[in-house]
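Notes follow the structure.
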Amino acid sequence: MPELKLDRVTKQFKNKIAVEHVSIHLKDGVYGFLGANGAGKTTLLRMLCGVLKPTAGEIFCNGTEIGRLGGDYRYMLGYLPQDFGYYPDFTAVRYLTYLAACKAVPKEAAGEKVQEMLRLVGLEGEQKAKIRTFSGGMLRRLGIAQALLNDPEIVVLDEPTSGLDPKERIRFRNIISAMSKGRIVILSTHIVSDVEFIADEILLMKKGRIVGQGSVADVTENIRGKVWEYEAEAEEALRLNDIYPVSNLKNEGDRVRLRIVSEERPHEGALPAEPGLEDVYLYYFEEVSEHVDHMDRGI
Amino acid sequence: MEKIKYRPPDRDGQRKECITGVWKFPIDEKKKGESLSEIRQEITKKRIRYYPSFAEIVWNQMRFQPWSHWALEGGLLLFLMFLAFYLPENAETEREILTVCSVFFVFSGNIALSSIARLFSRNMAELEQTLYLNLKQMVCIRMLEAGIFALFTMGILLSIAGKRSIAGTVMCVLYILVPFLWSDVFYLHMLEFLRNAASGFRSFAMGLICGLLACFPLLEDKVYNPEYRYIWFFLAAAGIILLAGRIRRIFETIEGGEILCLN
């Protein structure tokens, strides 16, 4: 079973520090890196995959620095980059067969493995189609298939659900849950619902640093007493929305129910509420997760 | 009183009993089944690593090249074979033969390098760098392939130029080699600094520009005269140094990773 250890990992691009002194220890399980855009998640994941070299600090896999492991480390790695690469003139099956060969999947097993992955992501019907004809969601599914092709022990997925519709997101979550035993699965996202139900541990990243870490219960418990619910007139609701971070607004008749994240009670009539991961996101990043923005804000 | 006579233990007899099965441990078949099942599960879990041979790696890299790449390389070789018969008989001067050979050697270099450029296209570089056979190794294999193709092409071109050569084989090689070296330098420079460098248009445009530059000797009568040899030697040496520098820079770029993530 693999073990990853990041020891004071820092990455600096000219004048900008993208990742700063990150030290974490990852054993088998699903880890969700949650953070706003530009928090340093992608840079950290690129270092984990050996694409970028840390400016300072080291990454160890089972006690050995990953650069020294070389091919042995890459052998156990499955990676889905944020900007997924592909050859548009390849068919899905040819693309996966090519990557299987590059991932040293034995050629006797490669054909069967490719078909298994195509079935897993629901692309078996499009296996002979050129990738250039694929939609964004199909490309993402192909990306997930290639990441899992070599039965990797360490799976790194950067924004895996971007472009997927809700049904595909649920399918993806089920795939990750089913395959997580005995592996390290690292997911990076700014969509709370991607990790809320499947992550064993949440890592909150802000400005290149880990600002919070723990199970969903742990990180939500940290903000207990900072989430409030209040039913207000529409005019007052808008005023409160300008002053406080609001994780949800819902019309209830002629009144509006607000869910506010605040250190102090935002209004005399506000009542403490049970915190959720969306509230945690709002508390740390002072912005609403994409999922809430699109689906739950109902004013 | 009967005397008890000491009798040494019959070790051989006991061993015989064990062997013949008179005395043995009782075997719990249920536990035995469970243990064997656990062993089987452990074997299934154990990942047996597969290390492909060098020949297999090279073959895999070649078989996934697009057909258009093979068609271009094959077409160029066929055309060169045709030239080998036609050109020495029909060209007016040695200068014309050498210039045509230079231009085609430039084209062959660009076609061969386009297979390396492809590795850097469409965000593939970042993904390929994380594979067991990583980008650096892929580039090495494709450079090896490009080198073999260049040698083969050079052989045909020398057979063309050598038929009516006054300058001698060494100078023929030099005249053909210099434009090739410099066009490769430009191509690899483009590869490093332009995103999606393998896009067909850019590759084609670069090949065309380099080919046109290689036509320069047609404009100047005395360019292959012996008094300019030193300039050709200098250009060849500079081209070799710059090409080596470019190749080194490509590997440094791959190692650093930052530009890969942009491509």
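By convention in this document, the chains of the structure tokens carry letters A, B, ... by their order, each chain's residues are numbered from 1, and ligands are numbered from 1 in the order they are shown.
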
Write out as an MDAnalysis selection string every residue belonging to chain B that has an atom at most 8 Å from any atom of chain A, counting only C-alpha atoms. chainID B and resid 50:52 57 60 64 121:127 129:134 255:258

Expressed in Å to a single decimal, how great is the separation between CA of Asn225 in chain B and CA of Val103 in chain B?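 Calculated distance between CA of Asn225 in chain B and CA of Val103 in chain B is 19.0 Å.
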
Could you tell me, as a PyMOL selection string, which residues of range 12-78 of chain A DSSP assigns to helix (DSSP H, G or I) when given the backbone? chain A and resi 41-48+66-69+71-75

Test item: residues at most 9 Å from Ile240 in chain B, only C-alpha atoms, excluding those fewer than 2 positions along its chain, as an NGL selection string: :B and (178 or 181-182 or 185 or 235-238 or 242-245)

Can you list, as a list in words, every protein, DNA or RNA residue that comes within 6 Å of Arg183 in chain A when you count only C-alpha atoms, leaving out same-chain residues fewer than 6 positions away? Asp28, Glu153 and Ile154 of chain A

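For the residues B:Leu144, B:Ile209, B:Ala161, B:Ile116, ranking by smallest atom-to-atom distance to Glu94 in chain B using only C-alpha atoms places B:Ala161 first.
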
Would you mind listing what lies within 12 Å of range 82-85 of chain B as a PyMOL selection string, with only C-alpha atoms counted and same-chain residues fewer than 3 positions away left out? chain B and resi 75-79+88-91+97+100-101+104+153-164

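Nearest-residue note for Glu58 in chain A: choosing from A:Thr91, A:Ser247, A:Thr42, A:Ser23, the minimum distance belongs to A:Ser23, counting only C-alpha atoms.
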